[in-house]
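The next block holds one structure in the form of structure tokens; read it before the comments.
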2 protein chains.
Amino acid sequence: MGVIGESVDRTDAIGKVTGRYQYATDLKLAGMLRGRALRSPLAYARIAALDVERARRLPGVRAVVTGKDVPYLYGSTVKDRPFLAVDVVRFAGEPVAAVAAVDEDTAQEALDLIRVDYEPLEPLLDPERAMEAGASLLHPDLGKYKHSYAARPLAGTNICSHFQLRRGDVEEGFAEADDVFEDTFRTRPVQHAALEPHVAVAQVDGFSGRITVWVNSVSPFISRTELADALGVPMDRIRVIVPGVGGSFGGKMYLKQEPLAVALAMFAGNRPVRVASDREEEFTAQVVRGGTLTRLKTGVRRDGTIVARQVTTVWDTGAYADCGPRIARNSGHTSAGPYRIPNLRIDGYTVYTNKIVAGAYRGYGVTEVTWAYETQMDMIAERLGIDRLELRRRNILREGDAGATGQPVVAVGLGESLDRAAGAIAWGRESGPGRGKGVACTHKATGAPSMSSAVIKVNEDGSVVLLSSTVEQGQGSDTVLRQMVADELGVPLDRVTVTAPDTDYTPFDSSTTSSRSTFHMGNAVRLAVQDIRGQLRELNLPGDLSLREAIARQYGARGGTLIGRGLFRPDAAPMDPETAQTDKVTPFWMYAAQAAEVEVDLETGRVEVRRLAAAHDVGRAINPLTALQQIEGALVMGLGSALYEEMRVGPDGRLQNANLHDYKLPTALDVPGLEPMTVEQPHPDGPYGAKGVGEPGLAPTAPAIANAVAAATGIRFTDLPITAERLYLALKRRGAAEPHGEKRGD
Amino acid sequence: MGVIGESVDRTDAIGKVTGRYQYATDLKLAGMLRGRALRSPLAYARIAALDVERARRLPGVRAVVTGKDVPYLYGSTVKDRPFLAVDVVRFAGEPVAAVAAVDEDTAQEALDLIRVDYEPLEPLLDPERAMEAGASLLHPDLGKYKHSYAARPLAGTNICSHFQLRRGDVEEGFAEADDVFEDTFRTRPVQHAALEPHVAVAQVDGFSGRITVWVNSVSPFISRTELADALGVPMDRIRVIVPGVGGSFGGKMYLKQEPLAVALAMFAGNRPVRVASDREEEFTAQVVRGGTLTRLKTGVRRDGTIVARQVTTVWDTGAYADCGPRIARNSGHTSAGPYRIPNLRIDGYTVYTNKIVAGAYRGYGVTEVTWAYETQMDMIAERLGIDRLELRRRNILREGDAGATGQPVVAVGLGESLDRAAGAIAWGRESGPGRGKGVACTHKATGAPSMSSAVIKVNEDGSVVLLSSTVEQGQGSDTVLRQMVADELGVPLDRVTVTAPDTDYTPFDSSTTSSRSTFHMGNAVRLAVQDIRGQLRELNLPGDLSLREAIARQYGARGGTLIGRGLFRPDAAPMDPETAQTDKVTPFWMYAAQAAEVEVDLETGRVEVRRLAAAHDVGRAINPLTALQQIEGALVMGLGSALYEEMRVGPDGRLQNANLHDYKLPTALDVPGLEPMTVEQPHPDGPYGAKGVGEPGLAPTAPAIANAVAAATGIRFTDLPITAERLYLALKRRGAAEPHGEKRGD
């Protein structure tokens with residue numbers, strides 16, 4: 001039908017630009033109560049006394065809950081987190097009590113009537129200190145918590161998971177090397193800053209006890225599983241419905257606002273209870289991308305060949321594990337970089353501290369380790385005197401090479417991506433004064449195992465409904481899935497409707513994360529269409545009938561339908577937990593390269609990114625424009641964490657810039673000329689060859705920019721963000737030591 | 001699992017007895033407006049002027065519509081009905097204008113501001129007169145209306161459909177007969193009187209233009225099709241959701257409240273509009289079982305063998321066709337009775353009059369013709385001097401006999417039903433003075449062609465969701481379908497959830513009518529489970545795994561699902577439109593017999609039904625208690641139309657008893673000892689052998705009672721209901737002519 005590879009209009013475009021699109025935050029239900037939480041002002045304290053009686057008596061209050069009313073633990077990897085704090089608070093922002101009332105004002109007034117006596121404890125804020133023997137234990141019960149296969153908790157420590165990968169012999173590798181580089185890199189906590197805050201509405205049916213949750217989650221089935229696990233009820237007792245989602249970037253994955261809403265609804269007598277964060281709560285109480293520290297030791301030959309690499313990353317997961325252990329694991333598979341390295345030793349430690357919980361953030365840990373290895377690549381190139389692009393070319397994974405987990409890579413469009421990104425900024429040609437160029441690349445695997453399923457209903461008039469639990473969150477999935485349905489069935493795009501996810505009604509999907517929807521749900525759609533075609537064949541209708549004609553022939557005047565189901569679950573191979581070696585770590589890898597040219601104001605330290613080119617191997621762009629938009633949006637996020645964004649935690653553990661004024665996001669004026677490009681190295685298992693595109697876009701951005709800054713100024717940053725202030729101070733320090741000594745790169 | 005054939009608790013029981021069950025009428029949506037219609041007080045008139053301007057200007061009014069704003073025609077068989085009257089009103093109660101306002105009072109106030117000038121026309125109330133040449137034409141455009149295959153309109157007349165069935169040679173048959181009986185029978189219009197009135201809420205999305213309708217309909221897919229047809233939009237532009245339904249009995253089938261709600265929503269700017277009938281509107285403006293007149297000519301041999309029968313039924317369909325033509329057709333297939341008759345001539349005329357629209361009513365025309373043929377059977381037996389039960393036994397259809405359409409009958413449990421019903425009232429034993437016994441039987445086909453489809457989702461924990469569009473309306477379908485899913489999959493009943501119908505999300509089902517759900521949806525469920533089992537086989541899991549174990553083995557920690565789809569559409573054969581002969585008129589027939597013993601107060605004419613036994617061949621009772629409850633509820637309805645119920649239309653065409661005070665329904669005190677029984681003659685194509693049970697229950701009730709009254713008093717009624725007043729007058733008339741001459745039957 002020619003609809004694949006076409007930049008058709010986005011399904012959600014008109015609704016979004018006209019303001020009529022319905023987000024979860026717009027949901028109004030009859031009789032809906034408003035819930036608000038009283039949150040701990042302290043990062044770490046014992047709750048000595050908690051008195052909610054005055055709040056309960058306030059007219060208009062319908063429910064007041066504390067942790068003891070809902071003694072359930074949840075957590076996607078380690079079940080370490082109470083619905084509300086019980087006896088102890090572990091971060092500033094943790095809910096201590098919650099109120100449902102007839103309106104927000106009454107709820108807030110009720111919160112003001114709650115008395116809490118805290119006994120402050122010394123907060124543990126530095127994850128390296130938290131790992132030390134003798135550190136106070138934030139979770140003395142760590143050894144008793146239930147946990148998933150993705151976590152390997154070390155009981156009696158603050159390490160809620162230790163991931164390790166072993167390949168070859170790293171010590172032998174270092175011994176072989178002509179040179180060994182040891183560096184430490186950091187990233188700071190950053191905010192997703194989705195425009196729509198976290199909202200959940202929960203209702204407990206007074207008749208059946210069934211719980212319905214409306215939530216702007218990108219993982220409704222995980223929410224169902226986690227709630228069922230926590231409450232100890234079968235999954236059929238819980239229904240999760242996803243209204244429109246106004247941006248997630250990973251922040252709306254796993255349980256977030258649901259436990260508070262459900263806790264209140266359980267005591268609100270059949271009425272729906274809405275709990276929504278204000279912006280301050282988005283900063284202090286939901287989820288962040290946690291800070292990291294990565295020690296990177298790399299052994300190289302004189303010609304630049306990398307022979308061994310040791311990576312140790314400390315992941316500051318905050319007060320609760322959330323998906324921290326899984327981030328360390330999935331990111332661990334990638335943290336040697338997209339390079340052919342025979343000897344590897346990778347360790348990831350996910351560590352509790354008294355900070356806001358860290359969780360998924362677009363890239364799922366890959367961005368942080370890319371910052372480390374792509375910065376060090378330039379340091380290696382510099383010391384060895386090899387062109388920085390050339391050094392990468394010499395080491396990158398090529399078709400059939402074994403990756404870090406042993407699985408050979410296929411459909412590797414990295415070389416082309418590097419060449420195109422670098423070419424776009426005229427790599428090799430001299431920059432002007434105060435200017436520099438940088439390049440960086442990355443790879444990312446989609447998480448595994450995971451599953452997508454789709455049901456396709458063909459109506460009597462040949463119009464089609466796709467039942468899918470993929471969550472449109474701004475990334476364009478509804479559009480791309482409709483394109484694939486229309487193409488596979490041969491029906492006009494306009495006649496394809498995609499339903500919103502609802503765990504009762506729509507088929508299972510692991511989650512809309514990990515850049516997986518086009519690949520996984522696309523394959524499920526194709527299988528569902530195959531199922532329909534098989535049924536049509538059994539009907540022995542003339543072969544040249546269009547779908548509409550076949551339906552009319554079969555179902556005539558009285559109506560009828562065809563239904564196809566497609567279940568896609570890529571093969572997975574077992575993984576050795578000691579070495580992370582496996583025949584199949586992921587169904588597909590994504591590759592991306594970016595190149596930046598910057599101009600640095602040497603007086604003020606201000607970095608102006610003049611060009612930012614990104615070449616991403618997407619396998620096949622089902623909708624080229626939305627693919628480019630995905631890359632573009634990621635570049636802006638990458639730019640933000642490269643130059644501006646940082647959640648500043650004070651010595652008391654409290655966030656010092658919990659608002660969009662003091663927390664600096666790039667504005668439209670800060671965004672340079674972006675040059676997103678797609679590279680199409682078709683994946684043999686992808687629908688039409690497609691891979692994913694959502695996440696890798698921001699991983700190379702910070703190192704590409706930092707490498708360009710280093711080229712422009714000779715100043716090497718190993719910590720982010722490169723604010724004007726930091727660069728100014730560095731220039732000043734360097735100027736004092738070595739006046740006018742800045743180097744210039746290519 | 002042993003769950004089939006068990007009287008497990010009804011899924012909806014606790015919710016309904018505690019008042020927590022959510023019916024459509026309970027639905028509250030944020031921002032919901034209230035719609036009300038201005039209805040014609042005249043049965044037939046031209047609209048000379050219509051002025052809504054003052055209503056429009058009333059504060060709080062959000063939309064005012066007239067027929068000219070929504071110039072669409074709808075109708076399930078003949079597209080003859082406007083959303084609101086245009087230029088002419090055809091029955092007292094027809095909507096002329098409608099208003100949506102912020103509350104009911106404002107809407108009502110606005111209606112009072114609307115001025116309509118009517119030019120009254122002489123109403124056509126008698127369908128026989130309406131059939132005469134020269135009668136004024138209520139629908140001069142009848143020849144231009146679109147219509148379905150189920151209607152055969154006669155343009156230039158008031159006959160919106162003529163059904164005919166021809167078999168053998170009826171004139172030869174009468175010539176062969178020893179005796180020929182010619183009688184005329186009537187039934188009066190009756191009300192469904194569901195406790196929950198008709199409610200629809202409609203919303204037109206301001207972004208996409210999609211129309212969503214929440215309606216207590218038992219045929220949401222028909223509503224979607226009809227709305228799409230009327231509005232000229234593809235089906236994917238319309239979504240119909242069915243919240244809980246508080247009784248239908250056929251009255252909530254096809255479009256009812258939807259057109260008004262949609263018309264208002266189209267002008268209400270994105271806000272949902274609720275339109276609900278009050279009780280008076282239920283009587284005057286929705287739908288009734290129309291009155292009928294049946295001329296029955298039957299030729300019999302001396303031994304009682306029926307050799308020929310001619311049936312002519314006039315169906316008073318009121319102002320619009322609704323499903324009248326289909327009723328005449330489906331009922332026409334049955335109106336020779338469940339008897340072996342070689343020569344048949346059946347005609348059904350569906351005729352327009354200036355009355356409220358007649359539509360589907362539990363039994364779909366079978367009750368009315370059963371009244372005719374089962375009354376005449378007693379008249380025949382009496383004149384031939386054959387025991388009335390014996391006469392039936394000699395003529396009933398037996399296994400393999402050809403029915404009226406030529407299709408041989410299978411799984412015929414009629415003989416056993418007759419014997420058990422008669423046995424329950426000690427047939428043949430003398431009744432006391434003023435007492436009499438009667439028996440009657442019936443058969444009914446489920447409508448065809450029709451289709452059911454089901455999707456079954458198995459969750460990661462082995463709990464199961466059945467997606468089905470079968471509408472629970474009090475008949476117990478949710479319970480029975482859950483039983484079948486649990487049995488087929490081998491999971492506990494408690495772990496099976498059934499979803500509410502939603503045309504976007506749940507798979508196609510023709511409608512929840514025609515006693516078809518257990519059979520059709522049951523088969524669809526079984527096919528869906530077969531689909532799941534096939535997928536499990538392909539996985540090559542060990543064969544002795546339970547479903548839960550298989551799921552765990554396959555989907556492990558990260559979740560996953562199995563999905564099965566089942567599409568059931570029984571074979572249908574073409575039907576000759578001139579003779580209604582076909583190899584397959586229906587996938588199954590239902591058989592029932594009832595026996596009544598009455599005591600008549602000869603002074604007052606009051607009939608007391610002392611015993612009412614009903615034996616129904618249900619094939620297999622999936623849930624025996626709910627099957628018996630279905631029969632029991634039908635008996636009470638049958639009792640009502642036998643003795644009490646009649647909508648009285650005055651000479652001006654207006655209803656004279658449009659409320660539950662003046663319209664007499666049987667109360668608990670009027671209900672005799674009921675003896676419902678199931679007979680199980682398994683159907684080879686039914687799930688577990690099941691047939692249907694919903695409809696036939698009231699068809700034999702009136703003739704069984706009337707036959708008992710005749711036995712007790714010698715007075716033969718050919719018209720319903722047998723009110724005390726009518727019987728008193730008849731006794732008085734007969735007493736004047738022939739004092740104390742009442743006969744007594746067995």
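FYI, nothing fancy with the structure tokens labels: chains A, B, ... in order, residues from 1 per chain, ligands from 1 as they appear.
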Inset, instruction - Among the residues of stretch 60-241 of chain B, find those DSSP assigns to alpha helix (DSSP H) from the backbone and print them as a ChimeraX atom specification. - result: /B:104-112,127-131,170-176,220-231
Inset, instruction - Hey, list the chain B side of the contact with chain A: 8 Å cut-off, only C-alpha atoms, answer as a PyMOL selection string. - result: chain B and resi 14-15+18+20-21+28-30+148-149+206-208+234-236+449-453+457+459+461+463-465+467+495-497+499+504-510+557-565+567
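Proximity to A:Ala194 was assessed for A:Gln473, A:Thr157, A:Gln310, A:Thr375 counting only C-alpha atoms; the smallest distance is recorded for A:Gln473.
Here atom CA of A:Arg383 is placed at a distance of 15.9 Å from atom CA of A:Gly438.
Distance check against B:Leu720 using only C-alpha atoms: of B:Ala702, B:Leu50, B:Ala55, B:Leu635, the minimum falls on B:Ala702.
Between A:Asn395 and the candidates A:Ala202, A:Ala710, A:Ile356, A:Ile341, the tightest atom-to-atom separation, counting only C-alpha atoms, involves A:Ile341.
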Which residues come within 8 Å of A:Arg166, counting only C-alpha atoms, excluding same-chain residues fewer than 5 positions away, as a PDB file with N, CA and C atoms, in the first residue's frame?
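Once everything was written out, this is selection.pdb:
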ATOM      1  N   ASN A 343      38.706  -8.996  26.337  1.00  0.00           N
ATOM      2  CA  ASN A 343      38.779  -9.234  27.784  1.00  0.00           C
ATOM      3  C   ASN A 343      38.011  -8.154  28.532  1.00  0.00           C
ATOM      4  N   LEU A 344      37.029  -8.610  29.281  1.00  0.00           N
ATOM      5  CA  LEU A 344      36.130  -7.647  29.919  1.00  0.00           C
ATOM      6  C   LEU A 344      35.847  -8.050  31.353  1.00  0.00           C
ATOM      7  N   ARG A 345      35.718  -7.059  32.181  1.00  0.00           N
ATOM      8  CA  ARG A 345      35.252  -7.265  33.543  1.00  0.00           C
ATOM      9  C   ARG A 345      34.368  -6.075  33.870  1.00  0.00           C
ATOM     10  N   ILE A 346      33.108  -6.374  34.065  1.00  0.00           N
ATOM     11  CA  ILE A 346      32.155  -5.290  34.301  1.00  0.00           C
ATOM     12  C   ILE A 346      31.430  -5.556  35.610  1.00  0.00           C
ATOM     13  N   GLU A 578      27.062 -15.439  36.873  1.00  0.00           N
ATOM     14  CA  GLU A 578      28.396 -15.016  37.325  1.00  0.00           C
ATOM     15  C   GLU A 578      29.139 -14.245  36.243  1.00  0.00           C
ATOM     16  N   THR A 579      28.817 -14.540  34.985  1.00  0.00           N
ATOM     17  CA  THR A 579      29.601 -13.949  33.892  1.00  0.00           C
ATOM     18  C   THR A 579      28.747 -13.138  32.918  1.00  0.00           C
ATOM     19  N   ALA A 580      27.418 -13.277  33.024  1.00  0.00           N
ATOM     20  CA  ALA A 580      26.497 -12.620  32.085  1.00  0.00           C
ATOM     21  C   ALA A 580      26.741 -13.053  30.646  1.00  0.00           C
ATOM     22  N   GLN A 581      27.343 -14.224  30.471  1.00  0.00           N
ATOM     23  CA  GLN A 581      27.521 -14.734  29.114  1.00  0.00           C
ATOM     24  C   GLN A 581      26.257 -15.486  28.698  1.00  0.00           C
TER      25      GLN A 581
END
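From atom CA of B:Gly337 back to atom CA of B:Glu172, the distance works out to 19.8 Å.
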